[in-house]
Amino acid sequence: MRKSCYAVLFFVFIISCKEEKPIGWIDYERLTHREVKDWLSLGGDHMMQHYSPLNQITKENVKDLGYAWEYDASTIIGNVPRGLEATPIVVDGIMFTSGAWGAVYALDAKTGKQLWIYKPEVDASYGRRACCDVVNRGVAVWEGKVYVGTLDGYLICLNAENGSVLWSKDTFTDRTKAYTITSPPQVAGSIVMIGNSGGEYGVRGYITAYDLKTGEEKWRFWIVPGDPTKGYESEEMEMAAKTWDPNSQWESGMGGTAWGESAYDPELNLLYVGTGNSTPYPIWFRSPAGGDNLFLSSILAINPDNGKLVWHYQTTPAEIWDYTATQNIVLADIDIDAKQRKVLMMAPKNGFFYVLDRATGELISAEKYTKVNWASHVDLKTGRPVLTENGQWYKDKPRLVVPYLGGGHVWQPMSFNPTTGLVYIPERAVPQVFKSFDTYNWLPDVDNTNLDYANMFKFKKNVADQIKSAEDTLRSESLLAWNPVTQKVAWKFTEGGPDGGIMSTPDLVFQGTRTGYFNVHDARTGEKLKSIFTATGIMAGATTYSIDGEQYVAVMAGYGGAETSAYLPDGVVFQYENKTRIIAFKLGGGETPIPPKKKPIETPAPPDTKIKTELLAKGATLYDFYCFICHGDFGDKHLSQHPDLSKLTPAKHMVFNDILLKGILSQNGMANFSNSLSEEDVEAIHHYLLKKQIEGYQKQEAANK
Ligand code: CA
């Protein structure tokens, strides 16, 4: 430890010896006895409540909250601004956080001045494998080191002082499968754990633990079993395999990926990890004989010393709707039935709010926090959901299900406020028609969910009235205050797309929105006390800290591919340039700078090419399967951050084949598709796009006349 001693001579000698911690020094003593000035983990401290006791900003003075500084956290690769999802960590006045692809920023938290930046050397082709943008959900800071996972699968340990790489580990077991990392690392005991993403693409999920100091691999916990004829890696996999058909579609990997915010209880020495959905979604293809399919959609408690499972709880047995249990895990000590319980809380996608005993995994309660029609209730004796008619297989007929595959709550952190006893959840319920294809075969590097999206929409049109009435009764979106003891809604705030992550202080709740506002609410009533227009879509949860006696609130602002990739038309991202940045606010602050308005992009004159109409149908199908997820629809319906491909310049048309098959724009983040598409396929897509461009150009010229 460095010691800085100051001797001051005045009328008397005063010698003050202050022990200064090295930069980024967080240990268990500090984490579990947080000084209120700091925000030491993604959730604030070891309880991961996304709560701070700081209370300089109050209900009375929050009207004076304004802009303090901003930091440009924009493009690392290419020129398309990407989504920001991390909650910054602040210790001793220094902010550490992550951005697109796994970049890391260290800033002076008082001024926003950059101390250092870590730009990972990421293989940009992995962008194609990220279902929901090349995001990163945060870093871990521990004893002078900063840990981050890069999109292409490396766990990097950085020196907190200068950002230099201390060690780097390849965490992927198989690079032919579409694994990515978007999740934060979690420190537990003497290890740092990292999971992965790619459930929709057909990978086999696992987490790996590395020695905090040396990076030596300590253990790996597979979340779902592999082909039983090849043997089991662990007792846990042997046990899980009993809940799968031995003739399952093992090639599909089966998913279960852990990509959310974990937690660690140092007293119980338990690491808590939430697991994801499977590929394909329909169980009748992946595990034809059925079964619970452990450990999909589960909460796992693991001993970090040896990687052994201590308890598990599966939220959605035999999951078929993308109901992940990767949502943020919150620990709390609360009184239930006049007894203090050490609990773990989660609001997973399936719509039920779970309170578990975090020592034993005992289910304490599970009540609907949003609209749910796939299950009537959770049987507290068996711990299992009781399915309704809507919750039956959508094998023979499409089913209208709520929540949709985006869930009642996705990754945006919820917050527990021990002062009010309430949990604040960014809640959204949307009904969805589920329909699968009639056959299934795993394919590399593509969505392997087996949902028949095109026909799901067709079905939707056929029963428009039914859907409309269902949407009226089954749709909801709110900032919701939930009482985990009474299992009831305390209040709801529904205006203005309240879908960002949440942070709370004793009297206040802070939340950004896709519509570009940063709002502050009364924690007891939900009343909106302050609303700051930033013109930037905000998805991440905020952080709060204090420097030199001043309280700051900071949030990562920048839109891009939420978990569902569902851009909603009211997103501010379609009106203003998506200036991805960290914005800090304080009392007496100024006006928040607004990025420039978006200029409409003209459709260039299409090249003089004769359209091969016989290719159009094939081109449309390929576009929907491979391109739509990023580039979206055309013209007025283009709700995407990525280029509208009906507006290609003559130069892009010239090299169209090389973009797709040689990856000449890979450094801009545009992947190489040569392992999925042939020259004939690319020609079909090109002619389909040319047709769209001709239509768009004619429309534009007619309007200009
Ligand atoms: Ca998923």
# chains A, B, ... in the order shown; residues from 1 in each chain; ligands from 1
$ residues_near_ligand --ligand "ligand 1" --cutoff "6 Å" --atoms "only C-alpha atoms and all ligand atoms" --output "ChimeraX atom specification"
/A:199-200,277,322
$ residues_around --residues "segment 258-268 of chain A" --least-positions-apart "6" --cutoff "9 Å" --atoms "only C-alpha atoms" --output "VMD selection string"
chain A and resid 28 32 42 to 43 46 to 48 137 to 138 181 to 189 194 to 199 205 to 207 223 274 to 276 325 to 331 358 to 359 411 413
$ write_last_selection --atoms "C-alpha atoms" --output "mmCIF file, in the first residue's frame"
data_model
loop_
_atom_site.group_PDB
_atom_site.id
_atom_site.type_symbol
_atom_site.label_atom_id
_atom_site.label_comp_id
_atom_site.auth_asym_id
_atom_site.auth_seq_id
_atom_site.Cartn_x
_atom_site.Cartn_y
_atom_site.Cartn_z
ATOM 1 C CA TYR A 28 -14.597 -8.156 0.785
ATOM 2 C CA THR A 32 -19.598 -5.633 2.539
ATOM 3 C CA LEU A 42 -22.813 -3.435 -10.684
ATOM 4 C CA GLY A 43 -25.491 -3.495 -7.981
ATOM 5 C CA HIS A 46 -22.444 -7.475 -2.488
ATOM 6 C CA MET A 47 -26.267 -7.408 -2.141
ATOM 7 C CA MET A 48 -26.666 -6.236 -5.760
ATOM 8 C CA ARG A 137 -23.161 -5.529 -19.284
ATOM 9 C CA GLY A 138 -20.280 -4.387 -17.140
ATOM 10 C CA ILE A 181 -19.845 -12.837 -24.256
ATOM 11 C CA THR A 182 -22.116 -9.934 -23.320
ATOM 12 C CA SER A 183 -22.317 -10.669 -19.590
ATOM 13 C CA PRO A 184 -20.308 -9.218 -16.713
ATOM 14 C CA PRO A 185 -17.732 -11.233 -14.767
ATOM 15 C CA GLN A 186 -18.541 -12.003 -11.111
ATOM 16 C CA VAL A 187 -15.974 -12.232 -8.313
ATOM 17 C CA ALA A 188 -16.684 -15.006 -5.760
ATOM 18 C CA GLY A 189 -14.199 -16.126 -3.120
ATOM 19 C CA ILE A 194 -17.658 -15.550 -16.601
ATOM 20 C CA GLY A 195 -20.595 -16.965 -18.576
ATOM 21 C CA ASN A 196 -21.545 -16.616 -22.229
ATOM 22 C CA SER A 197 -24.375 -15.838 -24.644
ATOM 23 C CA GLY A 198 -25.701 -17.392 -27.820
ATOM 24 C CA GLY A 199 -28.715 -19.393 -26.619
ATOM 25 C CA GLY A 205 -24.030 -22.906 -22.083
ATOM 26 C CA TYR A 206 -21.447 -23.002 -19.321
ATOM 27 C CA ILE A 207 -19.645 -20.805 -16.843
ATOM 28 C CA ILE A 223 -25.448 -25.795 -17.563
ATOM 29 C CA GLY A 274 -29.257 -17.400 -13.562
ATOM 30 C CA THR A 275 -29.542 -19.521 -16.717
ATOM 31 C CA GLY A 276 -31.206 -18.986 -20.073
ATOM 32 C CA ALA A 325 -33.919 -16.749 -15.652
ATOM 33 C CA THR A 326 -30.911 -14.556 -16.462
ATOM 34 C CA GLN A 327 -32.531 -11.430 -15.041
ATOM 35 C CA ASN A 328 -30.606 -9.574 -12.333
ATOM 36 C CA ILE A 329 -30.265 -11.332 -8.986
ATOM 37 C CA VAL A 330 -30.909 -9.225 -5.885
ATOM 38 C CA LEU A 331 -30.032 -10.339 -2.341
ATOM 39 C CA ARG A 358 -30.751 -18.000 -0.529
ATOM 40 C CA ALA A 359 -29.127 -20.478 1.875
ATOM 41 C CA TRP A 411 -31.813 -7.556 -18.452
ATOM 42 C CA PRO A 413 -31.668 -4.115 -13.667
#
$ residues_around --residues "segment 168-180 of chain A" --least-positions-apart "5" --cutoff "10 Å" --atoms "only C-alpha atoms" --output "NGL selection string"
:A and (101 or 126-131 or 134 or 147-158 or 194-210 or 214-217 or 220 or 252-253 or 257 or 259 or 443-447)
$ write_last_selection --atoms "C-alpha atoms" --output "compact mmCIF listing (two decimals), in the first residue's frame"
# COMPACT_ATOMS: atom_id res chain seq x y z
CA TRP A 101 -17.48 -5.20 -27.84
CA TYR A 126 -18.58 -12.10 -33.85
CA GLY A 127 -20.99 -9.18 -34.27
CA ARG A 128 -23.07 -11.44 -36.46
CA ARG A 129 -23.43 -13.92 -33.60
CA ALA A 130 -24.78 -11.38 -31.11
CA CYS A 131 -28.58 -11.64 -31.16
CA VAL A 134 -22.54 -6.12 -29.49
CA TYR A 147 -12.13 -7.76 -15.36
CA VAL A 148 -14.14 -7.73 -18.59
CA GLY A 149 -15.41 -10.28 -21.10
CA THR A 150 -14.99 -9.41 -24.79
CA LEU A 151 -17.65 -10.21 -27.37
CA ASP A 152 -15.36 -12.79 -28.97
CA GLY A 153 -14.88 -14.75 -25.77
CA TYR A 154 -11.82 -13.58 -23.87
CA LEU A 155 -11.79 -12.80 -20.17
CA ILE A 156 -9.35 -9.92 -19.76
CA CYS A 157 -7.72 -8.81 -16.52
CA LEU A 158 -6.53 -5.19 -16.61
CA ILE A 194 -17.66 -15.55 -16.60
CA GLY A 195 -20.60 -16.96 -18.58
CA ASN A 196 -21.55 -16.62 -22.23
CA SER A 197 -24.38 -15.84 -24.64
CA GLY A 198 -25.70 -17.39 -27.82
CA GLY A 199 -28.71 -19.39 -26.62
CA GLU A 200 -30.73 -18.50 -29.72
CA TYR A 201 -27.90 -19.66 -32.00
CA GLY A 202 -27.53 -23.17 -30.63
CA VAL A 203 -24.63 -23.34 -28.20
CA ARG A 204 -24.15 -25.34 -25.00
CA GLY A 205 -24.03 -22.91 -22.08
CA TYR A 206 -21.45 -23.00 -19.32
CA ILE A 207 -19.64 -20.80 -16.84
CA THR A 208 -15.92 -20.89 -16.10
CA ALA A 209 -14.01 -19.79 -12.99
CA TYR A 210 -10.46 -18.42 -13.06
CA THR A 214 -3.16 -15.62 -12.03
CA GLY A 215 -6.06 -16.34 -14.39
CA GLU A 216 -5.51 -20.07 -13.97
CA GLU A 217 -8.69 -22.01 -14.87
CA ARG A 220 -16.14 -25.16 -15.44
CA SER A 252 -28.05 -27.86 -31.02
CA GLY A 253 -26.06 -27.34 -27.85
CA THR A 257 -26.43 -19.73 -21.40
CA TRP A 259 -25.56 -13.90 -19.56
CA LEU A 443 -27.48 -24.65 -38.74
CA PRO A 444 -24.27 -22.81 -37.87
CA ASP A 445 -24.23 -19.08 -37.05
CA VAL A 446 -27.95 -18.43 -37.41
CA ASP A 447 -31.02 -18.14 -35.23
$ residues_around --residues "His409 of chain A" --least-positions-apart "6" --cutoff "7 Å" --atoms "only C-alpha atoms" --output "CSV table (one decimal) with N, CA and C atoms, in the first residue's frame"
chain,number,residue,atom,x,y,z
A,347,ALA,N,-37.0,-11.3,-10.9
A,347,ALA,CA,-38.2,-11.2,-11.8
A,347,ALA,C,-37.9,-11.7,-13.2
A,348,PRO,N,-37.9,-13.0,-13.4
A,348,PRO,CA,-37.4,-13.5,-14.7
A,348,PRO,C,-38.5,-13.2,-15.8
A,349,LYS,N,-38.1,-13.6,-17.0
A,349,LYS,CA,-39.0,-13.3,-18.1
A,349,LYS,C,-40.4,-13.9,-18.0
A,426,PRO,N,-38.6,-2.6,-14.3
A,426,PRO,CA,-39.0,-2.1,-15.6
A,426,PRO,C,-39.8,-3.3,-16.2
A,427,GLU,N,-41.1,-3.2,-16.1
A,427,GLU,CA,-42.0,-4.3,-16.5
A,427,GLU,C,-42.6,-4.0,-17.9
A,428,ARG,N,-42.7,-5.1,-18.7
A,428,ARG,CA,-43.3,-5.0,-20.0
A,428,ARG,C,-44.0,-6.3,-20.4
$ closest_residue --among "A:Gly99, A:Gly497, A:Pro53, A:Gly383" --to "Pro81 of chain A" --atoms "only C-alpha atoms"
A:Gly99
$ closest_residue --among "A:Glu550, A:Asp624, A:Asp245, A:Asp333" --to "Tyr688 of chain A" --atoms "only C-alpha atoms"
A:Asp624
$ atom_distance --atom1 "atom CA of Ser74 of chain A" --atom2 "atom CA of Ile582 of chain A"
9.6 Å
$ atom_distance --atom1 "atom CA of Gly589 of chain A" --atom2 "atom CA of Ser52 of chain A"
20.6 Å
$ select_by_dssp --residues "segment 223-408 of chain A" --states "strand (DSSP E)" --output "count of residues only"
60
